[in-house]
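What follows is a single structure, written as structure tokens, with notes after it.
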Amino acid sequence: MVPLSYYLVLSGILFACGVTGFLIKRNIITIFMSIELMLNGVNLSFVAFAAHWHVLAGQIFVFFVMVVAAAEAAVGLAIIIAVYRTRETLNVDQVNLLKL
Amino acid sequence: MLSVHLILFLAFGAVCVAGAVNLLVQRHPINSALSLIAVMAALAGEYLLLGAEFVAALQVIVYAGAIMVLFVFVIMLLNAGVEERTQGSRVAIIIGIPGMLIGSVLVAWVVLRHSGTGEVAVGALPGPPKTIGDMLFHEFLLPFEITSILILVAIMGAVVLASKPPSSPAEGPTQKVKD
Amino acid sequence: MPIWIYIVATVIKSAIVLLVLLTAVAYTVWLERKVVGHMQNRWGPTRVGPFGLLQPAADGIKFLFKEDLTPPHVYKPLFLAAPLIAVIFALTSIAVIPFGNAITLFGYSFPLQITDVNIGLLVILGVTSIGVYGVALAGWSSNNKYSLLGGLRASAQMVSYEISLGLSLVGVLILSGSFSLREIVDVQGGTFLGFIPRWNIFLQPVAFFCYLMAAYAETNRIPFDLPEAETELVAGYHTEYSAMKFAMFFMAEYANMITVASLATLLFLGGWHGPIFGPPILQALLPVFWFGAKVFAFLFLYIWVRGTLPRFRYDQLMAFGWKFLLPLALANLIVTAIVVVVK
């Protein structure tokens, strides 16, 4: 038996790492990966709560989160490619002009 | 007492946290991507411990096997190099890392303090694919259909964004989308 | 069954399966060289042993004694990890494949399978989808333009064809109603009209076609072997690899072929079902024999295709996958679903 709170703490740590990565990273791809990390942390608490309350809907929610993450990854990476094509950089600090 | 369940939980959890921290420490995006894959695989292990076998399989197939392949593909395609440190990133590190530590400790303290004694047994809620499918196509039919439209829009958006402007000759496959 | 018997049995089963798999990998290479040789009016290996049967051993020794070169400008950690990733995940997926009914020894029943999980098919899909990283990282870490192109092609190709592969399997899943490979095989027992075996290939021919095409692309074999197209990319993603590291990619490729062949046997060709006759000991061994024979037939088809077809162009490959195979698999899925609902 593992207390539910352990799962929540793990999920919180993953989420905090994701937020930090989002803040301190300057490579746009890594920033994007930090967002995925946050989503993963949230998914863990969904599954843990589902197991705790015996409600399967929590697992279904993870399914939806994954679908949204997949759609987001596809569009986001396409945007990254488009940005790289025009600016030739992946550093977010250098992508600071609305117009070239 | 250390039960097998707790040991497994701690082992997978340690891999998760180590991977997440490594994602922050590494400066080359491909190393960050690989540590994120390790986090996802370890999370699949946690899901298995919770009995969510279908979610665990999806986690590996969709997250580690498709979304992260896309990331690695883009890193390879753009030949992303080592991240440069700038003024902004130094400020972010000074504020961000203590912020993360404070945030994690706060969350851990609040959760551990106020969560009561709720415990989760190993395989507490089995999520067999059949039941999940039933729920998905009955109770959650509308959200399911909406996400399928979302995926369709995302496919078209990705193709439009990543394809070359019409002036230059078309070349190679455009960004592929996988759900 | 006491836990220690279970553990000992699992260890023995793993050892036997791994041994058989590695031997099968070695002799698939021999078979390929021999068959393609005969197709091209040559003899293939003949020097080492009768019919060149010891050639795999000689090759293995040669791989061991070759100099293990690491080129100077590679990204070392990933360069070393990539072949390991490829071979480990290629060998892992065999763990959930059943190759016969349970046998009874000393009063205990042992299923002929290393581990029986109820989402076996998903495990195989997951493990093979992780295997892509071996190829992609090998291409990237080699710091060589041919390797990079090979790795890029491999990852795009495998992600694209994985969708068709998955969709072609869904038709079979609808018919059997389970992810467990054992149950999928059990559904295929018996016959139609008394003489046609009740295999899924007769119920799902279109799905089998999609699976066949997608499987060839997933394992990077001719006609879809673009990631290592030697006429344009030297050797693709493994250009910079030598000695055992190269042998690991080689083993991974053939182990993947065997996994794909086993999966085709289980899902479409009725698994270990076949005529059973003779004394009890023969009755116990015949299912395994039928399973092996079907896998062998599928591997032979692989080699036959390699000896027959030219390589696709890259844009043709992508167009085939996205514009033909994917719609075909979707249409097959819809028709199957409608037929099952109406019936």
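Every chain in the structure tokens takes a letter, A first, then B, and so on in the order presented; its residues are numbered from 1, and the ligands are numbered from 1 following the presented order.
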
Quick one: residues within 12 Å of range 12-25 of chain C, only C-alpha atoms, excluding same-chain residues fewer than 4 positions away - as a ChimeraX atom specification? /C:5-8,29-32,53-54,56-57,60,87-88,90-99,110-115,247-259,262,292,295-296,299

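By chain and then residue number, the residues within 7 Å of Phe46 in chain A are Gly58, Gln59 and Val62 of chain A, counting only C-alpha atoms and disregarding those fewer than 6 positions away in sequence.
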
Using 12 Å as the limit and counting only C-alpha atoms, can you tabulate each residue of chain B that touches chain C, with its shortest atom-to-atom distance in Å and the two atoms involved, as JSON lines?
```
{"residue": "B:His28", "atom": "CA", "partner": "C:Tyr75", "partner_atom": "CA", "distance": 11.3}
{"residue": "B:Ile30", "atom": "CA", "partner": "C:Leu137", "partner_atom": "CA", "distance": 9.1}
{"residue": "B:Asn31", "atom": "CA", "partner": "C:Leu78", "partner_atom": "CA", "distance": 9.0}
{"residue": "B:Ala33", "atom": "CA", "partner": "C:Tyr133", "partner_atom": "CA", "distance": 11.1}
{"residue": "B:Leu34", "atom": "CA", "partner": "C:Tyr133", "partner_atom": "CA", "distance": 9.3}
{"residue": "B:Ile37", "atom": "CA", "partner": "C:Ile130", "partner_atom": "CA", "distance": 9.4}
{"residue": "B:Ala38", "atom": "CA", "partner": "C:Ile130", "partner_atom": "CA", "distance": 11.0}
{"residue": "B:Met40", "atom": "CA", "partner": "C:Ile130", "partner_atom": "CA", "distance": 11.5}
{"residue": "B:Ala41", "atom": "CA", "partner": "C:Ile130", "partner_atom": "CA", "distance": 9.9}
{"residue": "B:Ala44", "atom": "CA", "partner": "C:Gly126", "partner_atom": "CA", "distance": 10.9}
{"residue": "B:Leu48", "atom": "CA", "partner": "C:Ile119", "partner_atom": "CA", "distance": 11.7}
{"residue": "B:Ala52", "atom": "CA", "partner": "C:Ile119", "partner_atom": "CA", "distance": 11.3}
{"residue": "B:Glu53", "atom": "CA", "partner": "C:Ile119", "partner_atom": "CA", "distance": 7.7}
{"residue": "B:Phe54", "atom": "CA", "partner": "C:Ile119", "partner_atom": "CA", "distance": 7.5}
{"residue": "B:Val55", "atom": "CA", "partner": "C:Leu122", "partner_atom": "CA", "distance": 10.6}
{"residue": "B:Ala56", "atom": "CA", "partner": "C:Val123", "partner_atom": "CA", "distance": 9.6}
{"residue": "B:Ala57", "atom": "CA", "partner": "C:Leu122", "partner_atom": "CA", "distance": 6.1}
{"residue": "B:Leu58", "atom": "CA", "partner": "C:Gly126", "partner_atom": "CA", "distance": 8.0}
{"residue": "B:Gln59", "atom": "CA", "partner": "C:Gly126", "partner_atom": "CA", "distance": 8.8}
{"residue": "B:Val60", "atom": "CA", "partner": "C:Gly126", "partner_atom": "CA", "distance": 5.6}
{"residue": "B:Ile61", "atom": "CA", "partner": "C:Gly126", "partner_atom": "CA", "distance": 4.6}
{"residue": "B:Val62", "atom": "CA", "partner": "C:Gly126", "partner_atom": "CA", "distance": 8.4}
{"residue": "B:Tyr63", "atom": "CA", "partner": "C:Gly126", "partner_atom": "CA", "distance": 10.0}
{"residue": "B:Ala64", "atom": "CA", "partner": "C:Ile130", "partner_atom": "CA", "distance": 6.8}
{"residue": "B:Gly65", "atom": "CA", "partner": "C:Ser129", "partner_atom": "CA", "distance": 4.8}
{"residue": "B:Ala66", "atom": "CA", "partner": "C:Val159", "partner_atom": "CA", "distance": 6.6}
{"residue": "B:Ile67", "atom": "CA", "partner": "C:Val159", "partner_atom": "CA", "distance": 9.6}
{"residue": "B:Met68", "atom": "CA", "partner": "C:Tyr133", "partner_atom": "CA", "distance": 9.5}
{"residue": "B:Val69", "atom": "CA", "partner": "C:Ser155", "partner_atom": "CA", "distance": 7.1}
{"residue": "B:Leu70", "atom": "CA", "partner": "C:Ser155", "partner_atom": "CA", "distance": 8.3}
{"residue": "B:Phe71", "atom": "CA", "partner": "C:Ser155", "partner_atom": "CA", "distance": 10.7}
{"residue": "B:Val72", "atom": "CA", "partner": "C:Ala136", "partner_atom": "CA", "distance": 8.0}
{"residue": "B:Phe73", "atom": "CA", "partner": "C:Leu152", "partner_atom": "CA", "distance": 6.5}
{"residue": "B:Val74", "atom": "CA", "partner": "C:Leu152", "partner_atom": "CA", "distance": 9.1}
{"residue": "B:Ile75", "atom": "CA", "partner": "C:Trp140", "partner_atom": "CA", "distance": 9.4}
{"residue": "B:Met76", "atom": "CA", "partner": "C:Trp140", "partner_atom": "CA", "distance": 6.4}
{"residue": "B:Leu77", "atom": "CA", "partner": "C:Leu152", "partner_atom": "CA", "distance": 7.2}
{"residue": "B:Leu78", "atom": "CA", "partner": "C:Leu152", "partner_atom": "CA", "distance": 10.9}
{"residue": "B:Asn79", "atom": "CA", "partner": "C:Trp140", "partner_atom": "CA", "distance": 8.9}
{"residue": "B:Ala80", "atom": "CA", "partner": "C:Trp140", "partner_atom": "CA", "distance": 11.0}
{"residue": "B:Gly81", "atom": "CA", "partner": "C:Trp140", "partner_atom": "CA", "distance": 12.0}
{"residue": "B:Pro126", "atom": "CA", "partner": "C:Asn118", "partner_atom": "CA", "distance": 11.7}
{"residue": "B:Gly127", "atom": "CA", "partner": "C:Ile119", "partner_atom": "CA", "distance": 11.2}
{"residue": "B:Pro128", "atom": "CA", "partner": "C:Ile119", "partner_atom": "CA", "distance": 8.8}
{"residue": "B:Pro129", "atom": "CA", "partner": "C:Phe179", "partner_atom": "CA", "distance": 8.2}
{"residue": "B:Lys130", "atom": "CA", "partner": "C:Ser178", "partner_atom": "CA", "distance": 8.2}
{"residue": "B:Thr131", "atom": "CA", "partner": "C:Ser178", "partner_atom": "CA", "distance": 11.9}
{"residue": "B:Gly133", "atom": "CA", "partner": "C:Gly177", "partner_atom": "CA", "distance": 11.4}
{"residue": "B:Ala170", "atom": "CA", "partner": "C:Asp315", "partner_atom": "CA", "distance": 11.2}
{"residue": "B:Glu171", "atom": "CA", "partner": "C:Asp315", "partner_atom": "CA", "distance": 9.2}
{"residue": "B:Gly172", "atom": "CA", "partner": "C:Asp315", "partner_atom": "CA", "distance": 6.8}
{"residue": "B:Pro173", "atom": "CA", "partner": "C:Asp315", "partner_atom": "CA", "distance": 7.1}
{"residue": "B:Thr174", "atom": "CA", "partner": "C:Ala156", "partner_atom": "CA", "distance": 9.8}
{"residue": "B:Gln175", "atom": "CA", "partner": "C:Ala156", "partner_atom": "CA", "distance": 8.7}
{"residue": "B:Lys176", "atom": "CA", "partner": "C:Ser160", "partner_atom": "CA", "distance": 7.1}
{"residue": "B:Val177", "atom": "CA", "partner": "C:Ser160", "partner_atom": "CA", "distance": 8.2}
{"residue": "B:Lys178", "atom": "CA", "partner": "C:Ile163", "partner_atom": "CA", "distance": 7.4}
{"residue": "B:Asp179", "atom": "CA", "partner": "C:Ile163", "partner_atom": "CA", "distance": 8.6}
```

Show me, as a list in words, every residue of chain A with an atom at most 6 Å from chain B, counting only C-alpha atoms. Met1, Val2, Pro3, Leu4, Ser5, Val9, Ile13, Ala16, Thr20, Gly21, Ile24, Asn27, Thr30, Ala51, His52, His54, Ala70, Ala71, Ala74, Val75, Ala78 and Ala82 of chain A

Considering only C-alpha atoms, return as a ChimeraX atom specification whatever protein or nucleic-acid residues lie within 12 Å of Val95 in chain A, sequence-local ones (same chain, fewer than 5 positions apart) excluded. /A:26-28,80,83-84,86-90,100

Could you tell me how far CA of Leu226 in chain C sits from CA of Arg313 in chain C, in Å to one decimal place?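 That distance, rounded to one decimal, is 7.8 Å.
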
I need the residues in range 27-176 of chain C that are strand (DSSP E or B) according to DSSP; give them as a list of chain:residue names. C:Gly100, C:Asn101, C:Ala102, C:Ile103, C:Thr104, C:Leu105, C:Tyr108, C:Ser109, C:Phe110, C:Pro111, C:Leu112

For range 192-204 of chain C: contacts at 7 Å, only C-alpha atoms, fewer than 6 positions along chain excluded, given as a list in words: Val172, Leu267, Phe268, Leu269 and Gly270 of chain C

Atoms kept (C-alpha atoms) for selection, written as a compact mmCIF listing (two decimals), in the first residue's frame:
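Ended up saving to again-v4.txt:
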```txt
# COMPACT_ATOMS: atom_id res chain seq x y z
CA VAL C 172 -8.46 -8.45 -36.06
CA LEU C 267 -2.93 -12.61 -35.72
CA PHE C 268 -3.64 -13.78 -39.23
CA LEU C 269 -2.37 -17.30 -39.81
CA GLY C 270 -3.97 -19.08 -36.88
```

Write out as number ranges by chain all residues of chain B that backbone DSSP assigns to alpha helix (DSSP H). B: 4-25, 29-49, 53-58, 68-78, 87-114, 129-137, 141-162

Long-range neighbours of Phe22 in chain A as a ChimeraX atom specification, 9 Å cut-off, only C-alpha atoms, 4 positions minimum in chain: /A:17-18,26,30-35

Counting only C-alpha atoms, what is within 12 Å of Gly52 in chain C, bar same-chain residues fewer than 3 positions away, as a VMD selection string? chain C and resid 27 29 to 31 33 to 34 43 to 49 55 to 59
